[in-house]
Amino acid sequence: IYFLAMKNISNLSDHILLNDIKNLAGEERKITTLILLHLKEIDRRRLFASLGFSSLFEYCRQELGYSEGSAQRRISAMRILNDVPEVEEKINSGALNLSVISQVQSYFKAKEKMEEPLDLTEKKEILQKFEHKSTRETEKEILAMSPAEFVFNKEKIRPVTAEHSEIKFYASS
């Protein structure tokens, strides 16, 4: 029905247009969750390897056509969903989005690397803290939660063109 409406979308009343977009956004979140659950099972079975891909990331990029960032966000969210199944409902409701989940997953991984892994209860509490937060708000709060040696000693240099690079670093006030 939505594909038919696409042809005449300019003819929709304001009320129907706004109602449709709200419904579509909800469906998109449900589909995103289904994608994450499928990726979880593909990862569990290592089906990407049987198709000749070196990783789930490469499978998502090359076979599914996701950008690097999109692939990484989905894989990060899938990993959290693996640990904290309640995240599924948070995605469906819109309380958590892939960008925020991916940032939180990076924090969890960093804590593991520092040999300070978080237990399930701690992960749930942290995830709850980031419900309905923007990506920027999440970044600020994660930086505030993180030990200085974990976050602030990371300089990032990314080539932009043959002559230019982007440099990202943190500085104190």
# chains A, B, ... in the order shown; residues from 1 in each chain; ligands from 1
>>> residues_around(residues="A:Arg158", least_positions_apart="3", cutoff="7 Å", atoms="only C-alpha atoms", output="number ranges by chain")
A: 165-167
>>> residues_around(residues="A:Thr135", least_positions_apart="4", cutoff="9 Å", atoms="only C-alpha atoms", output="tab-separated table (two decimals) with all heavy atoms, in the first residue's frame")
chain	number	residue	atom	x	y	z
A	97	ASN	N	18.79	4.18	19.41
A	97	ASN	CA	19.02	4.05	17.97
A	97	ASN	C	20.40	3.43	17.72
A	97	ASN	O	21.21	3.30	18.64
A	97	ASN	CB	18.86	5.40	17.27
A	97	ASN	CG	19.90	6.41	17.71
A	97	ASN	OD1	21.10	6.16	17.62
A	97	ASN	ND2	19.45	7.56	18.19
A	99	SER	N	23.10	4.44	16.23
A	99	SER	CA	24.29	5.26	16.49
A	99	SER	C	24.64	5.28	17.96
A	99	SER	O	25.80	5.11	18.34
A	99	SER	CB	24.05	6.69	15.99
A	99	SER	OG	23.91	6.71	14.60
A	100	VAL	N	23.65	5.47	18.80
A	100	VAL	CA	23.88	5.50	20.25
A	100	VAL	C	24.34	4.13	20.73
A	100	VAL	O	25.30	4.02	21.50
A	100	VAL	CB	22.61	5.97	20.99
A	100	VAL	CG1	22.71	5.74	22.49
A	100	VAL	CG2	22.34	7.44	20.70
A	103	GLN	N	27.93	3.53	19.88
A	103	GLN	CA	28.85	4.28	20.76
A	103	GLN	C	28.98	3.58	22.11
A	103	GLN	O	30.09	3.47	22.65
A	103	GLN	CB	28.33	5.70	20.98
A	103	GLN	CG	28.49	6.59	19.78
A	103	GLN	CD	27.87	7.95	20.03
A	103	GLN	OE1	26.69	8.07	20.30
A	103	GLN	NE2	28.68	8.98	19.95
A	139	GLU	N	27.96	10.92	23.15
A	139	GLU	CA	29.42	11.09	23.08
A	139	GLU	C	29.93	11.87	24.28
A	139	GLU	O	30.91	11.47	24.92
A	139	GLU	CB	29.80	11.80	21.78
A	139	GLU	CG	31.29	11.97	21.61
A	139	GLU	CD	31.65	12.67	20.31
A	139	GLU	OE1	30.89	13.54	19.86
A	139	GLU	OE2	32.73	12.35	19.78
A	140	LYS	N	29.26	12.96	24.62
A	140	LYS	CA	29.68	13.77	25.77
A	140	LYS	C	29.63	12.97	27.07
A	140	LYS	O	30.55	13.03	27.88
A	140	LYS	CB	28.79	15.01	25.91
A	140	LYS	CG	29.09	16.10	24.92
A	140	LYS	CD	28.16	17.28	25.17
A	140	LYS	CE	28.40	18.39	24.19
A	140	LYS	NZ	27.50	19.53	24.43
>>> residues_around(residues="stretch 115-128 of chain A", least_positions_apart="3", cutoff="12 Å", atoms="only C-alpha atoms", output="MDAnalysis selection string")
chainID A and resid 77 80:88 90:91 95:97 100:105 107:112 131:133 138 141:142 145:147 150
>>> closest_residue(among="A:Arg136, A:Arg45, A:Lys113, A:Arg73", to="A:Thr32", atoms="only C-alpha atoms")
A:Arg73
>>> atom_distance(atom1="atom CA of A:Glu63", atom2="atom CA of A:Met78")
17.5 Å
>>> atom_distance(atom1="atom CA of A:Arg44", atom2="atom CA of A:Arg79")
11.0 Å
